[in-house]
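To keep things clear, I will list the structure first and then write my remarks on it.
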Amino acid sequence: MNSFQQQNALALLSGDEAVALAALDAGVKLGTGYPGTPSTEILETFDKLGGKAQWAPNEKVALEVATGVAFAGARALVTMKHVGLNVAADPLFTVAKIRLDGALIVVSADDPGMASSQNEQDNRRYALAAGVTMLEPSDSQEAYEFTLRAIEISERWQVPVLLRMTTRVCHSKTIVRRGTVTIPAPGPTHFEHDFPSRVMIPAYARPAHVRLRKTLAQIAAWNEQSGPNQVIAGSSSLGIITSGVAFQYVREAAPEASVLKLGMTYPLPIEKMRAFAESVDLCTVVEEGDPYLVEAARTAGIAVEAAPEIFRFGELNTLRVRHILEGDETPEPKRAAGKPPALCPGCPHRAAYETLKKLNCIVAGDIGCYSLGVLPPFEAMDTLVCMGAAIGVGLGLRHALPPEQAKRVVSVLGDSTFVHSGITGLVEMIYNPPPTGHVLIILDNGTTAMTGLQEHPGTGRTLAHAATGKVVFEDLARSLGVPNVYVIDPTAEPEKFEHLIQSCLDKPELSVVIARRNCLLAARSIREYERCNEHN
Amino acid sequence: MSTTNVVIAGLGGQGVLKASDILADVAFSAGQDVKKADVHGMSQRGGSVTSDVRFGEHVFSPMVPTGAADYLLVIAPDQVEVNRAALGVSGVLIEPAVIDESSLPNKKSLNVALLGVLSCRLDFSVEAWTAAIERNLPEKLHEANLQSFSLGRAAGKK
């Protein structure tokens, strides 16, 4: 990022960095989100470049904050990984229909192949389901340009825009020329009452939905004529329709083919696709993930070939695309699996898992570094569903299992995950306690370790590590009426920790145990931040 | 000009990504098209890490197709076999064994020493490498890493 400062300068940037640079160039007022691979670096970079960036407790809150920013006439950027959009789906579906005054850009960073995720979902489906305009960059230059175009589109049609990225676009570094797209500077922020546009009671929401469909028809017409789509003329025997990073593999695997590369993939330029398909003898769709473009084309009566089902799973690459085009379904050569990740030597979670294994607990687990507790040597995690599910799933097990088994159930989740979506689970625990009671262990290592050591509301520091309000877990649990609340460091006092957990399991009451010790990788930085913040 | 494909492999914490940053920077500074791909996420906990760097006149995919690497540079001995399939038929393997680790100013600079070995086979000047190393590392690490680079270069010329 050395030559960031000059316009027209070239730099080798990741897609995430390119989005941040575009946000800076567009005068984005606020960037917010929740850390999640592969999206995390967008807000971190935006902050480093001088933008206002902050972590929200979760993606739903982030999208709501960003919506307020756009209601005020400013430009907002909200970032998350694919599963984060599930959390933010509630506001997304309604904000799609609300008239915005500023710009609202939602980045969904999908993880096909699940380098670091619990499921493989294709968030292009969200654009279709919610009626949200969507752009799909294929490299860092497009990540830069499409972010700016997305802001332009968002303001022109007063709708949110989904910038759908994938791991390889987010994390690959490719060359970016700055200043290739310029958009007008943001206008002044302001607020005017407009009840029918922004208050989605049924009487106002019905016309809002009709308005959205009309707007989408206008955007589709624009996309047909002027959208960020590209035809690369080639052989008339083979045509390929593609989008996102798959475009790069297509160009490498079949340099001779004609290509229709779609940049705006909702609403689709269906007539452009039809004309392209008719211009070639054989038209194939190459896309990573679900058969989203294939289904849209076929629904419109466009004859296209699709990849066999096996190519729906995992990431694509040049070889796989070659196989798709050759109709070759034989198993592909793979690089052998390397050394699997494990809890670091000295990780504070180790002591906690040793105890849970020793006590033969049934562990409802959650998402974070501590998910690795499922692997040898611990094998001390029995369930993992989604962020925050540890508590609900643990309670459900307690409700249903016979008492002698129910008494062994514990819910385990990390500090950042607890803030993200564990607090409502804790409320459920108070409200509907199982007859055998329950034990919740918060593994508080003082950071969002899994995604690369980000701050969260429980650390009391902002994204940029400055002091701010802090959610104190033990105070929160006590204020909610949990009778047994303990704070302990299992690494320093393993025997005491074991006795404590055993005594909690033995009584039919609710207990919250906060196992607190800073992540080994973060400890030094945390001391440094604390020292700086004390002096300020 | 065809595309040059380099795969760098090792374990989390060994500087795989730093090495690929430096290599990508050298090629970028020489005016070539460059793409670099790696998967972040669970790597800082000691798992396998690989990073692909491709450069040439025009690069499409950011990843090196399996079996197409011109150079496979491996920092951890136990990562050689698991990554061997990345290498092309006439590809060159650069293993940590080519460096006498005890001669390095510090063990953490093995990544840069191996870049020194690689540098003998690529068409970039020592000055360009030096500049890229300095751009990508904090100043207090310059001396040790430039020394490691030179040691690697000497080993590569043997």
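Chain labels A, B, ... are given in the sequence in which chains occur in the structure tokens; within each chain residues are numbered consecutively from 1, and ligands are likewise numbered from 1 in the order shown.
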Residue hits in chain A, query chain B, radius 8 Å, only C-alpha atoms, as a PyMOL selection string: chain A and resi 12+37-38+115-116+167-168+171-175+245+248-249+251-252+317-319+333-344+450-452
Keeping only N, CA and C atoms, take the residues you just selected and write them out as an mmCIF file, in the first residue's frame.
data_model
loop_
_atom_site.group_PDB
_atom_site.id
_atom_site.type_symbol
_atom_site.label_atom_id
_atom_site.label_comp_id
_atom_site.auth_asym_id
_atom_site.auth_seq_id
_atom_site.Cartn_x
_atom_site.Cartn_y
_atom_site.Cartn_z
ATOM 1 N N LEU A 12 -0.178 -2.730 -5.637
ATOM 2 C CA LEU A 12 -0.550 -4.140 -5.596
ATOM 3 C C LEU A 12 -1.400 -4.328 -4.346
ATOM 4 N N THR A 37 -13.559 -13.790 8.176
ATOM 5 C CA THR A 37 -12.743 -14.142 7.029
ATOM 6 C C THR A 37 -13.661 -14.478 5.845
ATOM 7 N N PRO A 38 -13.473 -13.905 4.674
ATOM 8 C CA PRO A 38 -12.335 -13.095 4.218
ATOM 9 C C PRO A 38 -12.615 -11.583 4.118
ATOM 10 N N ALA A 115 -12.568 -22.138 3.483
ATOM 11 C CA ALA A 115 -11.237 -22.031 4.065
ATOM 12 C C ALA A 115 -11.367 -21.763 5.552
ATOM 13 N N SER A 116 -12.421 -21.065 5.945
ATOM 14 C CA SER A 116 -12.553 -20.682 7.353
ATOM 15 C C SER A 116 -14.016 -20.367 7.664
ATOM 16 N N THR A 167 -13.493 -15.336 -1.488
ATOM 17 C CA THR A 167 -12.168 -15.418 -0.867
ATOM 18 C C THR A 167 -11.045 -14.963 -1.792
ATOM 19 N N ARG A 168 -11.040 -15.474 -3.024
ATOM 20 C CA ARG A 168 -9.910 -15.171 -3.913
ATOM 21 C C ARG A 168 -9.899 -13.721 -4.376
ATOM 22 N N HIS A 171 -8.783 -11.710 -0.996
ATOM 23 C CA HIS A 171 -7.427 -11.892 -0.464
ATOM 24 C C HIS A 171 -6.328 -11.892 -1.509
ATOM 25 N N SER A 172 -6.650 -12.128 -2.772
ATOM 26 C CA SER A 172 -5.590 -12.092 -3.776
ATOM 27 C C SER A 172 -5.159 -10.656 -3.995
ATOM 28 N N LYS A 173 -3.867 -10.492 -4.201
ATOM 29 C CA LYS A 173 -3.373 -9.154 -4.511
ATOM 30 C C LYS A 173 -3.206 -9.038 -6.018
ATOM 31 N N THR A 174 -3.786 -8.006 -6.576
ATOM 32 C CA THR A 174 -3.609 -7.730 -7.996
ATOM 33 C C THR A 174 -3.437 -6.215 -8.141
ATOM 34 N N ILE A 175 -3.023 -5.803 -9.324
ATOM 35 C CA ILE A 175 -2.646 -4.400 -9.489
ATOM 36 C C ILE A 175 -3.881 -3.502 -9.606
ATOM 37 N N VAL A 245 -14.524 -14.194 -9.836
ATOM 38 C CA VAL A 245 -13.173 -14.689 -10.075
ATOM 39 C C VAL A 245 -13.161 -15.811 -11.123
ATOM 40 N N GLN A 248 -11.521 -15.104 -14.412
ATOM 41 C CA GLN A 248 -10.062 -15.223 -14.569
ATOM 42 C C GLN A 248 -9.679 -16.641 -14.998
ATOM 43 N N TYR A 249 -10.335 -17.633 -14.386
ATOM 44 C CA TYR A 249 -10.025 -19.031 -14.725
ATOM 45 C C TYR A 249 -10.460 -19.335 -16.157
ATOM 46 N N ARG A 251 -10.606 -17.231 -18.671
ATOM 47 C CA ARG A 251 -9.682 -16.618 -19.636
ATOM 48 C C ARG A 251 -8.398 -17.428 -19.764
ATOM 49 N N GLU A 252 -7.996 -18.048 -18.660
ATOM 50 C CA GLU A 252 -6.766 -18.839 -18.697
ATOM 51 C C GLU A 252 -7.009 -20.223 -19.311
ATOM 52 N N ASN A 317 -10.946 -23.327 -10.045
ATOM 53 C CA ASN A 317 -9.609 -22.873 -10.412
ATOM 54 C C ASN A 317 -9.444 -23.176 -11.891
ATOM 55 N N THR A 318 -8.289 -22.851 -12.431
ATOM 56 C CA THR A 318 -8.099 -22.998 -13.872
ATOM 57 C C THR A 318 -8.302 -24.446 -14.332
ATOM 58 N N LEU A 319 -7.741 -25.398 -13.576
ATOM 59 C CA LEU A 319 -7.867 -26.805 -13.984
ATOM 60 C C LEU A 319 -9.307 -27.277 -13.938
ATOM 61 N N PRO A 333 -6.449 -33.820 -9.700
ATOM 62 C CA PRO A 333 -5.251 -33.885 -8.850
ATOM 63 C C PRO A 333 -5.345 -32.795 -7.786
ATOM 64 N N LYS A 334 -5.045 -33.151 -6.577
ATOM 65 C CA LYS A 334 -5.166 -32.187 -5.474
ATOM 66 C C LYS A 334 -3.839 -32.059 -4.777
ATOM 67 N N ARG A 335 -3.560 -30.885 -4.280
ATOM 68 C CA ARG A 335 -2.428 -30.772 -3.372
ATOM 69 C C ARG A 335 -2.845 -31.457 -2.080
ATOM 70 N N ALA A 336 -1.961 -32.290 -1.542
ATOM 71 C CA ALA A 336 -2.298 -33.022 -0.323
ATOM 72 C C ALA A 336 -2.578 -32.050 0.819
ATOM 73 N N ALA A 337 -3.428 -32.483 1.736
ATOM 74 C CA ALA A 337 -3.735 -31.640 2.886
ATOM 75 C C ALA A 337 -2.475 -31.448 3.715
ATOM 76 N N GLY A 338 -2.245 -30.249 4.138
ATOM 77 C CA GLY A 338 -1.069 -29.956 4.949
ATOM 78 C C GLY A 338 -1.355 -30.227 6.409
ATOM 79 N N LYS A 339 -0.560 -29.605 7.238
ATOM 80 C CA LYS A 339 -0.727 -29.775 8.681
ATOM 81 C C LYS A 339 -1.997 -29.040 9.114
ATOM 82 N N PRO A 340 -2.910 -29.737 9.795
ATOM 83 C CA PRO A 340 -4.147 -29.052 10.183
ATOM 84 C C PRO A 340 -3.877 -28.037 11.282
ATOM 85 N N PRO A 341 -4.720 -27.009 11.379
ATOM 86 C CA PRO A 341 -4.517 -26.036 12.440
ATOM 87 C C PRO A 341 -4.792 -26.678 13.796
ATOM 88 N N ALA A 342 -4.182 -26.159 14.819
ATOM 89 C CA ALA A 342 -4.397 -26.670 16.177
ATOM 90 C C ALA A 342 -4.334 -25.489 17.131
ATOM 91 N N LEU A 343 -4.861 -25.670 18.335
ATOM 92 C CA LEU A 343 -4.724 -24.620 19.341
ATOM 93 C C LEU A 343 -3.239 -24.370 19.571
ATOM 94 N N CYS A 344 -2.830 -23.108 19.606
ATOM 95 C CA CYS A 344 -1.417 -22.771 19.761
ATOM 96 C C CYS A 344 -0.861 -23.375 21.057
ATOM 97 N N MET A 450 -9.774 -15.581 16.258
ATOM 98 C CA MET A 450 -9.942 -16.383 15.037
ATOM 99 C C MET A 450 -9.716 -15.581 13.755
ATOM 100 N N THR A 451 -10.224 -14.358 13.743
ATOM 101 C CA THR A 451 -10.172 -13.570 12.521
ATOM 102 C C THR A 451 -8.929 -12.684 12.466
ATOM 103 N N GLY A 452 -8.073 -12.781 13.488
ATOM 104 C CA GLY A 452 -6.838 -12.001 13.432
ATOM 105 C C GLY A 452 -6.770 -10.898 14.475
#
Contact residues around segment 103-105 of chain B with only C-alpha atoms at 9 Å, ignoring same-chain residues under 3 positions, as a PyMOL selection string: chain B and resi 99-100+108-110+113+144-145+147-148+151
Distance in Å - atom CA of Leu128 of chain A versus atom CA of Leu293 of chain A: 11.1 Å
Secondary structure check, helix (DSSP H, G or I) residues of segment 202-371 of chain A, as a ChimeraX atom specification: /A:202-226,246-253,270-278,292-299,309-312,318-326,349-358,369-371
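With only C-alpha atoms as the atoms that count, the residue of B:Pro138, B:Gly56, B:Gly156, B:Gly13 with the shortest distance to Val98 of chain B is B:Gly156.
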7 Å contact set for segment 513-528 of chain A, only C-alpha atoms, chain neighbours under 2 positions out, as a list in words: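 Result of the neighbour search: Gly346, Cys347, Pro348, Leu440, Ile441, Ile442, Leu443, Asp444, Asn445, Gly446, Leu453, Val485, Tyr486, Val487, Ile488, Asp489, Pro490, Ser511, Glu530, Arg531 and Cys532 of chain A.
With only C-alpha atoms as the basis for measurement, B:Gly88 is the residue among B:Gly88, B:Leu137, B:Glu143, B:Phe55 that approaches Ala68 of chain B most closely.
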Residue set, segment 102-294 of chain A restricted to strand (DSSP E), as JSON, numbers by chain: {"A": [103, 104, 105, 106, 107, 108, 109, 110, 133, 134, 135, 161, 162, 163, 164, 165, 166, 173, 174, 175, 176, 177, 230, 231, 232, 235, 236, 237, 238, 239, 240, 241, 242, 243, 257, 258, 259, 260, 261, 262, 264, 265, 266, 282, 283, 284, 285, 286]}
Write a file of the just-selected residues containing C-alpha atoms, as a PDB file, in the first residue's frame.
ATOM      1  CA  ALA A 103     -25.548   5.343  -0.257  1.00  0.00           C
ATOM      2  CA  LEU A 104     -25.579   1.948   1.421  1.00  0.00           C
ATOM      3  CA  ILE A 105     -23.050  -0.630   0.281  1.00  0.00           C
ATOM      4  CA  VAL A 106     -23.220  -4.102   1.814  1.00  0.00           C
ATOM      5  CA  VAL A 107     -20.131  -6.225   1.251  1.00  0.00           C
ATOM      6  CA  SER A 108     -20.737  -9.960   1.464  1.00  0.00           C
ATOM      7  CA  ALA A 109     -17.456 -11.890   1.375  1.00  0.00           C
ATOM      8  CA  ASP A 110     -18.310 -15.469   0.494  1.00  0.00           C
ATOM      9  CA  THR A 133     -28.892  -4.839  -6.693  1.00  0.00           C
ATOM     10  CA  MET A 134     -25.610  -6.764  -6.824  1.00  0.00           C
ATOM     11  CA  LEU A 135     -22.150  -6.253  -8.306  1.00  0.00           C
ATOM     12  CA  VAL A 161     -26.223  -2.369  -3.269  1.00  0.00           C
ATOM     13  CA  LEU A 162     -24.670  -5.730  -2.456  1.00  0.00           C
ATOM     14  CA  LEU A 163     -20.993  -6.027  -3.374  1.00  0.00           C
ATOM     15  CA  ARG A 164     -20.557  -9.773  -3.516  1.00  0.00           C
ATOM     16  CA  MET A 165     -16.952 -10.865  -3.190  1.00  0.00           C
ATOM     17  CA  THR A 166     -15.320 -14.270  -2.657  1.00  0.00           C
ATOM     18  CA  LYS A 173      -3.373  -9.154  -4.511  1.00  0.00           C
ATOM     19  CA  THR A 174      -3.609  -7.730  -7.996  1.00  0.00           C
ATOM     20  CA  ILE A 175      -2.646  -4.400  -9.489  1.00  0.00           C
ATOM     21  CA  VAL A 176      -4.958  -1.446  -8.897  1.00  0.00           C
ATOM     22  CA  ARG A 177      -4.852   1.887 -10.659  1.00  0.00           C
ATOM     23  CA  GLN A 230     -18.005  -7.036 -20.814  1.00  0.00           C
ATOM     24  CA  VAL A 231     -18.034  -9.085 -23.993  1.00  0.00           C
ATOM     25  CA  ILE A 232     -14.713 -10.524 -25.103  1.00  0.00           C
ATOM     26  CA  SER A 235     -14.493 -18.086 -31.328  1.00  0.00           C
ATOM     27  CA  SER A 236     -18.090 -18.411 -32.509  1.00  0.00           C
ATOM     28  CA  SER A 237     -18.121 -22.099 -31.587  1.00  0.00           C
ATOM     29  CA  LEU A 238     -17.792 -21.652 -27.824  1.00  0.00           C
ATOM     30  CA  GLY A 239     -19.273 -18.881 -25.671  1.00  0.00           C
ATOM     31  CA  ILE A 240     -18.909 -18.710 -21.898  1.00  0.00           C
ATOM     32  CA  ILE A 241     -21.055 -16.665 -19.519  1.00  0.00           C
ATOM     33  CA  THR A 242     -19.284 -16.055 -16.237  1.00  0.00           C
ATOM     34  CA  SER A 243     -18.876 -13.684 -13.284  1.00  0.00           C
ATOM     35  CA  ALA A 257     -13.575 -18.674 -26.317  1.00  0.00           C
ATOM     36  CA  SER A 258     -16.010 -15.764 -26.555  1.00  0.00           C
ATOM     37  CA  VAL A 259     -16.848 -14.558 -23.081  1.00  0.00           C
ATOM     38  CA  LEU A 260     -19.710 -12.585 -21.574  1.00  0.00           C
ATOM     39  CA  LYS A 261     -18.399 -11.427 -18.227  1.00  0.00           C
ATOM     40  CA  LEU A 262     -21.168 -10.143 -15.982  1.00  0.00           C
ATOM     41  CA  MET A 264     -23.829  -6.704 -12.303  1.00  0.00           C
ATOM     42  CA  THR A 265     -25.463 -10.029 -11.557  1.00  0.00           C
ATOM     43  CA  TYR A 266     -28.727  -8.740 -10.077  1.00  0.00           C
ATOM     44  CA  LEU A 282     -22.457 -23.653 -27.753  1.00  0.00           C
ATOM     45  CA  CYS A 283     -22.928 -21.465 -24.679  1.00  0.00           C
ATOM     46  CA  THR A 284     -21.688 -22.667 -21.308  1.00  0.00           C
ATOM     47  CA  VAL A 285     -22.047 -21.002 -17.911  1.00  0.00           C
ATOM     48  CA  VAL A 286     -19.013 -21.160 -15.635  1.00  0.00           C
TER      49      VAL A 286
END
